[in-house]
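S.K.: First the structure, which I've put down as structure tokens, then a few questions once you've had a look.
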Amino acid sequence: MAAPRNRRHLLVPTAPQTEAYKPYPRKVPPAEIPTPDSRRRHAAALRTALNQAQRDAEARREERAITVHGAVPGVYVQFESAPGVDLKLESLEHKSKGIEVVAVQRLTQDGAEIEQATVFIPDGQLKHFIARFQEYATTRTKKGEPRHKDMIDRVAALRRASLRALWTDSPEEYPAETDVIWWELWLRRHDGRELERLHEFAGLVGFEVGQRRLGFDDRLVVLARATAQQLAGSLDLLNDLAEVRKAKESAARFEDATATQQAGVADDLRNRTVVADGDLPAVCVLDTGVNRGHPVLETVIAAADATAVDPAWGSQDDGGGPGNMGHGTEMCGLAAYGDLAQVLGTGSAVQLRHVVESVKILPPVGPNPPDLYGAITAQAVTRPEINAPQRKRSFSLAVTATDERDRGEPTSWSAAVDALAAGRIFDTATHGLVYLDNAPDIRRLFVISAGNVLNLDVAHLDRSDVEPVHDPAHAWNALTVGAFTEKAVLNGDQWNGWSVVAAPGELSPWSTTSVSFRDPWPVKPDVVFEGGNVAHDGAGLFDGGIGDLSLLSTYYRPADRLFTLSYATSAATAQVARMSAQVLGDYPDFWPEAIRALIVHSARWTRAMKVHLRGAGGKRGRARLVRRYGFGVPSVDRARRSANDALTLVAQGIIRPFADGKMREMHFHQLPWPK
């Protein structure tokens with residue numbers, strides 16, 4: 001199990017030594033797969049462990065003394081790789097025999113990464129692996145290598161799998177054995193009676209099965225309210241489980257609530273929200289304004305921190321006219337709390353170690369003239385910097401152009417963002433961007449939404465690949481955020497016959513990409529975050545405003561209702577901006593570039609994203625995938641903390657790596673290791 005992330009990152013305290021770059025000609029050899037001391041003993045140990053797993057499963061079935069009609073008996077076995085080596089997953093499956101890899105996890109142990117794969121093996125099919133172990137020990141190929149060497153050399157150990165082995169959520173979220181929670185159960189589809197067996201088992205054991213369900217070609221997703229102890233028995237009796245996750249709170253529950261009910265949960269949240277003392281970092285939302293009188297925002301947005309580019313516009317949330325107003329308050333709610341559906345559904349205290357600022361960048365009557373957005377953004381950043389010059393902040397910009405003609409080429413708006421990020425300021429005398437000085441604290445972190453696709457499509461990945469990120473999200477120096485989604489379960493009879501567009505862990509149907517950019521232009525988005533899903537009826541009708549598939553945030557007219565649905569790349573951006581403030585609160589002396597780097601460094605591709613690597617056509621095909629997903633989904637835990645076995649070192653400095661098209665210099669750092 002991975003070590004807890006409870007160690008602060010290490011900052012390299014001394015300046016580096018600079019030397020002229022010299023190429024190092026030696027090629028780095030590929031990682032070697034360890035060879036067992038004795039392949040016969042290794043095969044015998046695996047065979048013994050596999051037989052023991054079978055005996056343990058049979059004993060647990062007899063102990064429970066209950067049966068489920070139509071259940072296919074078998075055993076879940078967890079294969080574990082050697083440190084630093086991947087398992088050969090395709091060799092662990094044999095679908096025609098019912099042998100299936102159902103869950104894969106990556107863990108860090110003793111400083112090395114290992115891979116664990118949970119495999120369902122029906123009764124009578126252990127002989128498939130027993131035969132391979134025997135051939136591995138006794139038979140050679142024409143090249144003189146042991147049979148199945150590439151498969152079995154990689155396996156360090158195997159054992160009967162527990163319910164935790166099927167857990168594909170964050171390891172820290174796994175509940176205690178007796179905690180009753182809502183689970184998301186992913187069932188293997190093989191005979192069409194999976195739900196029937198689950199309901200029968202739930203009745204025997206005594207837990208609740210929800211009405212929500214979602215069908216994929218090989219999986220059926222359903223909710224269940226149970227303990228880990230209750231569900232663990234299904235591994236011995238049902239053998240239908242593929243993976244389990246913690247069910248996510250649906251925004252629909254709160255968005256559909258009455259005004260009185262919304263007021264009650266809003267008051268509860270306000271009462272258990274604690275804003276830390278001291279000079280807190282901020283997320284500065286550049287948008288349509290804000291209604292800071294909202295009951296869950298008034299404690300995190302001071303009156304002085306709600307401003308506008310033009311004071312005559314006022315700071316209230318009506319920027320951009322009727323079609324856009326409310327967007328700023330929605331972004332402020334996410335920047336403060338994240339997805340409110342996940343916060344309102346708990347009773348625990350909410351500790352906020354950052355505040356929110358708002359600068360209205362759109363006039364009440366509609367959009368600005370298009371050629372002014374660079375200047376308006378430049379003016380907007382000066383408002384909070386004058387108001388609170390010592391405060392650390394990141395700027396969240398979810399207002400982008402709607403056309404796609406730039407395709408990565410610089411514009412006046414993206415150039416302004418790049419210049420502001422690099423440390424320039426807006427000169428009111430010349431209306432230009434100039435360097436006041438080169439002090440590091442003038443540089444800025446911009447978190448910008450990639451922009452949304454203009455035409456939703458069932459083939460959403462193909463659509464996203466041809467719709468490029470919107471101006472100014474292609475700015476080199478900005479942290480650009482696209483959207484992915486884990487929301488894929490519809491609830492309610494009104495959605496019978498409807499399907500979700502994106503599978504869990506995939507790019508959100510809303511997200512644009514830089515796949516269509518020419519090679520010289522930047523890779524965007526940098527990261528992706530939860531931005532909701534879309535449903536379709538199979539006949540050309542799409543709906544992207546469904547509570548089960550959206551996030552929840554603050555509504556700009558609290559007298560009418562307090563909460564509203566939020567989705568797409570705007571919602572993803574506000575959440576990543578919140579993350580940047582959380583990291584900045586821990587490391588106030590880090591440069592904006594370092595905060596951005598920590599967020600990108602913390603990102604990982606989901607399993608759904610990694611699947612595409614298998615079919616990617618060479619280096620160019622893999623590069624296209626990076627232009628679709630960026631570097632993956634960031635984690636605030638990884639961005640904020642190291643672990644005993646996972647260290648992040650941060651070095652801040654200025655390097656000039658190139659001169660006249662050639663490598664110029666390199667830095668050597670004295671690392672802070674104990675003597």
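Chain labels run A, B, ... following the order of the structure tokens; each chain numbers its residues from 1, and ligands are numbered from 1 in the order shown.
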Would you tabulate, counting only C-alpha atoms, all residues of stretch 418-516 of chain A that have an atom at most 12 Å from an atom of stretch 531-534 of chain A, showing the closest pair of atoms and their distance in Å to one decimal, sorted by chain then ascending number, as a tab-separated table?

M.R.:
residue	atom	partner	partner_atom	distance
A:Ser449	CA	A:Gly531	CA	10.8
A:Ala450	CA	A:Gly531	CA	11.5
A:Gly451	CA	A:Gly531	CA	11.4
A:Asn452	CA	A:Gly531	CA	10.4
A:Leu456	CA	A:Val534	CA	8.6
A:Asp457	CA	A:Val534	CA	9.6
A:Val458	CA	A:Val534	CA	9.4
A:Ala459	CA	A:Val534	CA	12.0
A:His460	CA	A:Val534	CA	9.9
A:Val481	CA	A:Gly531	CA	10.0
A:Gly482	CA	A:Gly531	CA	8.0
A:Ala483	CA	A:Gly531	CA	4.8
A:Phe484	CA	A:Gly531	CA	5.8
A:Thr485	CA	A:Gly532	CA	5.3
A:Glu486	CA	A:Gly532	CA	7.5
A:Lys487	CA	A:Asn533	CA	6.1
A:Ala488	CA	A:Asn533	CA	6.9
A:Val489	CA	A:Asn533	CA	9.6
A:Leu490	CA	A:Val534	CA	10.3
A:Trp498	CA	A:Val534	CA	10.2
A:Ser499	CA	A:Val534	CA	8.6
A:Val500	CA	A:Val534	CA	5.8
A:Val501	CA	A:Val534	CA	5.6
A:Ala502	CA	A:Asn533	CA	6.4
A:Ala503	CA	A:Asn533	CA	8.8
A:Pro504	CA	A:Asn533	CA	9.0
A:Gly505	CA	A:Asn533	CA	10.6
A:Glu506	CA	A:Asn533	CA	9.6
A:Leu507	CA	A:Gly531	CA	9.0
A:Ser508	CA	A:Asn533	CA	5.8
A:Pro509	CA	A:Asn533	CA	6.5
A:Trp510	CA	A:Asn533	CA	7.8
A:Ser511	CA	A:Gly531	CA	8.4
A:Thr512	CA	A:Gly531	CA	11.9

S.K.: Output the selection as an mmCIF file, in the first residue's frame - N, CA and C atoms for each residue.

M.R.:
data_model
loop_
_atom_site.group_PDB
_atom_site.id
_atom_site.type_symbol
_atom_site.label_atom_id
_atom_site.label_comp_id
_atom_site.auth_asym_id
_atom_site.auth_seq_id
_atom_site.Cartn_x
_atom_site.Cartn_y
_atom_site.Cartn_z
ATOM 1 N N SER A 449 -9.501 28.057 -19.003
ATOM 2 C CA SER A 449 -10.268 26.941 -19.554
ATOM 3 C C SER A 449 -9.925 26.739 -21.022
ATOM 4 N N ALA A 450 -9.878 25.469 -21.429
ATOM 5 C CA ALA A 450 -9.582 25.146 -22.826
ATOM 6 C C ALA A 450 -10.685 25.621 -23.758
ATOM 7 N N GLY A 451 -11.908 25.770 -23.218
ATOM 8 C CA GLY A 451 -13.051 26.119 -24.052
ATOM 9 C C GLY A 451 -13.837 24.871 -24.423
ATOM 10 N N ASN A 452 -15.092 25.062 -24.775
ATOM 11 C CA ASN A 452 -16.003 23.941 -25.012
ATOM 12 C C ASN A 452 -16.211 23.681 -26.500
ATOM 13 N N LEU A 456 -21.853 19.059 -29.994
ATOM 14 C CA LEU A 456 -21.788 17.787 -29.286
ATOM 15 C C LEU A 456 -22.004 16.633 -30.260
ATOM 16 N N ASP A 457 -21.343 15.514 -29.979
ATOM 17 C CA ASP A 457 -21.371 14.386 -30.905
ATOM 18 C C ASP A 457 -21.256 13.100 -30.099
ATOM 19 N N VAL A 458 -21.956 12.047 -30.553
ATOM 20 C CA VAL A 458 -21.817 10.748 -29.903
ATOM 21 C C VAL A 458 -20.374 10.269 -30.021
ATOM 22 N N ALA A 459 -19.764 10.482 -31.170
ATOM 23 C CA ALA A 459 -18.337 10.177 -31.348
ATOM 24 C C ALA A 459 -17.531 11.340 -30.781
ATOM 25 N N HIS A 460 -17.588 11.501 -29.462
ATOM 26 C CA HIS A 460 -17.112 12.750 -28.856
ATOM 27 C C HIS A 460 -15.600 12.909 -28.932
ATOM 28 N N VAL A 481 -6.738 24.140 -18.774
ATOM 29 C CA VAL A 481 -7.487 23.040 -18.172
ATOM 30 C C VAL A 481 -8.581 22.571 -19.133
ATOM 31 N N GLY A 482 -8.553 21.296 -19.466
ATOM 32 C CA GLY A 482 -9.641 20.655 -20.179
ATOM 33 C C GLY A 482 -10.518 19.902 -19.196
ATOM 34 N N ALA A 483 -11.473 19.147 -19.712
ATOM 35 C CA ALA A 483 -12.411 18.432 -18.839
ATOM 36 C C ALA A 483 -12.390 16.943 -19.147
ATOM 37 N N PHE A 484 -12.449 16.138 -18.084
ATOM 38 C CA PHE A 484 -12.723 14.714 -18.206
ATOM 39 C C PHE A 484 -13.924 14.441 -17.305
ATOM 40 N N THR A 485 -14.358 13.202 -17.196
ATOM 41 C CA THR A 485 -15.508 12.931 -16.327
ATOM 42 C C THR A 485 -15.470 11.527 -15.768
ATOM 43 N N GLU A 486 -15.937 11.403 -14.547
ATOM 44 C CA GLU A 486 -16.213 10.108 -13.921
ATOM 45 C C GLU A 486 -17.719 9.926 -13.710
ATOM 46 N N LYS A 487 -18.517 10.892 -14.150
ATOM 47 C CA LYS A 487 -19.963 10.858 -13.929
ATOM 48 C C LYS A 487 -20.630 10.152 -15.104
ATOM 49 N N ALA A 488 -21.178 8.975 -14.832
ATOM 50 C CA ALA A 488 -21.705 8.192 -15.949
ATOM 51 C C ALA A 488 -22.930 7.371 -15.580
ATOM 52 N N VAL A 489 -23.608 7.724 -14.488
ATOM 53 C CA VAL A 489 -24.786 6.973 -14.068
ATOM 54 C C VAL A 489 -26.001 7.896 -14.075
ATOM 55 N N LEU A 490 -27.040 7.534 -14.826
ATOM 56 C CA LEU A 490 -28.285 8.295 -14.886
ATOM 57 C C LEU A 490 -29.311 7.687 -13.936
ATOM 58 N N TRP A 498 -32.089 6.744 -22.674
ATOM 59 C CA TRP A 498 -30.971 7.662 -22.871
ATOM 60 C C TRP A 498 -29.670 6.974 -22.457
ATOM 61 N N SER A 499 -28.569 7.432 -23.022
ATOM 62 C CA SER A 499 -27.246 6.897 -22.696
ATOM 63 C C SER A 499 -26.281 8.052 -22.475
ATOM 64 N N VAL A 500 -25.256 7.782 -21.675
ATOM 65 C CA VAL A 500 -24.224 8.803 -21.505
ATOM 66 C C VAL A 500 -23.283 8.744 -22.706
ATOM 67 N N VAL A 501 -22.680 9.880 -23.026
ATOM 68 C CA VAL A 501 -21.795 9.955 -24.186
ATOM 69 C C VAL A 501 -20.409 9.422 -23.853
ATOM 70 N N ALA A 502 -19.828 9.869 -22.734
ATOM 71 C CA ALA A 502 -18.457 9.503 -22.388
ATOM 72 C C ALA A 502 -18.437 8.414 -21.332
ATOM 73 N N ALA A 503 -17.543 7.458 -21.502
ATOM 74 C CA ALA A 503 -17.343 6.426 -20.487
ATOM 75 C C ALA A 503 -16.605 7.020 -19.293
ATOM 76 N N PRO A 504 -16.744 6.427 -18.124
ATOM 77 C CA PRO A 504 -16.037 6.951 -16.942
ATOM 78 C C PRO A 504 -14.528 6.985 -17.155
ATOM 79 N N GLY A 505 -13.917 8.068 -16.731
ATOM 80 C CA GLY A 505 -12.480 8.223 -16.881
ATOM 81 C C GLY A 505 -12.056 8.784 -18.216
ATOM 82 N N GLU A 506 -13.010 9.039 -19.124
ATOM 83 C CA GLU A 506 -12.694 9.546 -20.455
ATOM 84 C C GLU A 506 -12.765 11.073 -20.494
ATOM 85 N N LEU A 507 -12.280 11.611 -21.606
ATOM 86 C CA LEU A 507 -12.421 13.036 -21.869
ATOM 87 C C LEU A 507 -13.898 13.400 -21.869
ATOM 88 N N SER A 508 -14.247 14.519 -21.243
ATOM 89 C CA SER A 508 -15.627 14.977 -21.265
ATOM 90 C C SER A 508 -16.024 15.365 -22.692
ATOM 91 N N PRO A 509 -17.270 15.138 -23.078
ATOM 92 C CA PRO A 509 -17.714 15.548 -24.414
ATOM 93 C C PRO A 509 -17.591 17.050 -24.652
ATOM 94 N N TRP A 510 -17.432 17.827 -23.572
ATOM 95 C CA TRP A 510 -17.331 19.281 -23.714
ATOM 96 C C TRP A 510 -15.934 19.754 -24.103
ATOM 97 N N SER A 511 -14.922 18.950 -23.930
ATOM 98 C CA SER A 511 -13.547 19.447 -23.914
ATOM 99 C C SER A 511 -12.935 19.564 -25.301
ATOM 100 N N THR A 512 -12.321 20.710 -25.558
ATOM 101 C CA THR A 512 -11.543 20.903 -26.782
ATOM 102 C C THR A 512 -10.099 20.463 -26.545
#

S.K.: Compile the contact shell of A:Thr554 as a CSV table (one decimal) with C-alpha atoms, in the first residue's frame: residues with an atom at most 7 Å away, counting only C-alpha atoms, same-chain residues fewer than 6 positions apart removed.

M.R.:
chain,number,residue,atom,x,y,z
A,329,THR,CA,-20.9,33.4,-9.1
A,330,GLU,CA,-20.9,29.9,-10.3
A,333,GLY,CA,-18.5,28.7,-5.7
A,562,LEU,CA,-29.2,28.9,-4.0
A,563,PHE,CA,-27.6,26.3,-6.2
A,564,THR,CA,-27.1,25.6,-9.9

S.K.: From the set A:Ile114, A:Leu163, A:Val633, A:Leu235, which residue has the shortest atom-to-atom contact distance to A:Glu58, counting only C-alpha atoms?

M.R.: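 Using only C-alpha atoms, the shortest distance to A:Glu58 belongs to A:Leu235.
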
S.K.: Just the residues within 6 Å of A:Tyr76, please, counting only C-alpha atoms, with nothing from its chain fewer than 3 positions along; format it as a list in words.

M.R.: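 The residues that qualify are Val119, Phe120, Arg160 and Ala161 of chain A.
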
S.K.: Next, write the just-selected residues to a file, as an mmCIF file, in the first residue's frame, keeping N, CA and C atoms as the atom set.

M.R.:
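Result file follows (again16.cif):
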data_model
loop_
_atom_site.group_PDB
_atom_site.id
_atom_site.type_symbol
_atom_site.label_atom_id
_atom_site.label_comp_id
_atom_site.auth_asym_id
_atom_site.auth_seq_id
_atom_site.Cartn_x
_atom_site.Cartn_y
_atom_site.Cartn_z
ATOM 1 N N VAL A 119 -7.633 -11.018 -11.251
ATOM 2 C CA VAL A 119 -8.103 -11.876 -12.339
ATOM 3 C C VAL A 119 -9.169 -12.818 -11.793
ATOM 4 N N PHE A 120 -10.332 -12.879 -12.487
ATOM 5 C CA PHE A 120 -11.353 -13.866 -12.130
ATOM 6 C C PHE A 120 -11.085 -15.159 -12.897
ATOM 7 N N ARG A 160 -5.167 -14.928 -3.152
ATOM 8 C CA ARG A 160 -6.602 -14.711 -3.316
ATOM 9 C C ARG A 160 -6.896 -13.242 -3.080
ATOM 10 N N ALA A 161 -7.690 -12.647 -3.959
ATOM 11 C CA ALA A 161 -7.956 -11.212 -3.889
ATOM 12 C C ALA A 161 -9.039 -10.909 -2.859
#

S.K.: When you look at A:Thr648 with a cut-off of 7 Å (counting only C-alpha atoms), what residues show up, excluding the ones that are within fewer than 5 positions of it in the same chain? I need them as a VMD selection string.

M.R.: chain A and resid 9 to 10 642

S.K.: Store the residues of this selection in a file with C-alpha atoms, as a PDB file, in the first residue's frame.

M.R.:
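That gives us result_2.pdb:
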ATOM      1  CA  HIS A   9       8.198  18.859  -0.604  1.00  0.00           C
ATOM      2  CA  LEU A  10      11.892  19.749  -0.419  1.00  0.00           C
ATOM      3  CA  SER A 642       5.531  14.023  -0.690  1.00  0.00           C
TER       4      SER A 642
END

S.K.: For the atom pair atom CA of A:Ile152 and atom CA of A:Thr35, what is the interatomic distance in Å to one decimal place?

M.R.: 9.8 Å

S.K.: DSSP on the backbone: what in stretch 92-305 of chain A comes out strand (DSSP E), as a PyMOL selection string?

M.R.: chain A and resi 100-109+112-122+155-160+181-188+208-215+219-226+241-246+273-275+282-287

S.K.: So which residues touch A:Ala57 within 8 Å, counting only C-alpha atoms, skipping near sequence neighbours fewer than 2 positions away, as a VMD selection string?

M.R.: chain A and resid 53 to 55 59 to 61 74 to 75 160 236

S.K.: Only C-alpha atoms, please: the residues just picked out, written as an mmCIF file, in the first residue's frame.

M.R.:
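Produced file out.cif, reproduced below:
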data_model
loop_
_atom_site.group_PDB
_atom_site.id
_atom_site.type_symbol
_atom_site.label_atom_id
_atom_site.label_comp_id
_atom_site.auth_asym_id
_atom_site.auth_seq_id
_atom_site.Cartn_x
_atom_site.Cartn_y
_atom_site.Cartn_z
ATOM 1 C CA ALA A 53 -6.236 -19.280 -3.175
ATOM 2 C CA GLN A 54 -8.681 -21.831 -4.559
ATOM 3 C CA ARG A 55 -8.898 -23.667 -1.219
ATOM 4 C CA ALA A 59 -13.668 -22.643 2.493
ATOM 5 C CA ARG A 60 -15.269 -19.202 2.593
ATOM 6 C CA ARG A 61 -18.184 -20.422 0.478
ATOM 7 C CA GLY A 74 -14.691 -19.228 -9.175
ATOM 8 C CA VAL A 75 -11.874 -17.389 -7.452
ATOM 9 C CA ARG A 160 -6.602 -14.711 -3.316
ATOM 10 C CA ASP A 236 -17.059 -15.925 -2.966
#

S.K.: Which of these, A:Lys246, A:Lys88, A:Arg164, A:Arg253, has the shortest distance to A:Val222 once you count only C-alpha atoms?

M.R.: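 Closest to A:Val222 of all the choices is A:Lys246.
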
S.K.: Quick one: pull the distance between atom CA of A:Ala594 and atom CA of A:Phe668, Å, one decimal.

M.R.: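 Answer for the atom CA of A:Ala594 to atom CA of A:Phe668 separation: 18.2 Å.
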
S.K.: So, counting only C-alpha atoms, which residue among A:Thr18, A:Pro674, A:Asp123, A:Asp418 is closest to A:Ile654?

M.R.: A:Thr18

S.K.: Which residues of stretch 521-604 of chain A sit at most 8 Å from stretch 338-358 of chain A, using only C-alpha atoms? Give each one's shortest atom pair and distance in Å (one decimal place), in chain and ascending residue order, as CSV.

M.R.:
residue,atom,partner,partner_atom,distance
A:Leu551,CA,A:Asp339,CA,5.5
A:Leu552,CA,A:Leu340,CA,5.1
A:Ser553,CA,A:Leu340,CA,5.6
A:Ala574,CA,A:Gly338,CA,7.8
A:Gln575,CA,A:Gly338,CA,5.5
A:Arg578,CA,A:Gly338,CA,7.3
A:Ala581,CA,A:His354,CA,6.3
A:Gln582,CA,A:His354,CA,6.7
A:Gly585,CA,A:Arg353,CA,6.7

S.K.: What is the distance, in Å and to one decimal place, between atom CA of A:Gln652 and atom CA of A:Pro588?

M.R.: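 Pair atom CA of A:Gln652 / atom CA of A:Pro588 returns 13.2 Å.
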
S.K.: Which of these residues is nearest to A:Glu409, using only C-alpha atoms: A:Tyr373, A:Phe395, A:Trp605, A:Trp476?

M.R.: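 Among the listed residues, the smallest separation from A:Glu409 belongs to A:Trp476.
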
S.K.: I'd like the contact shell of A:Leu187 - 7 Å cut-off, only C-alpha atoms, skipping same-chain residues fewer than 5 positions apart - returned as a list of chain:residue names.

M.R.: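 Once the nearby chain positions are removed, what remains is A:Glu194, A:Arg219, A:Leu220, A:Val221, A:Asp240, A:Leu241, A:Ala242.
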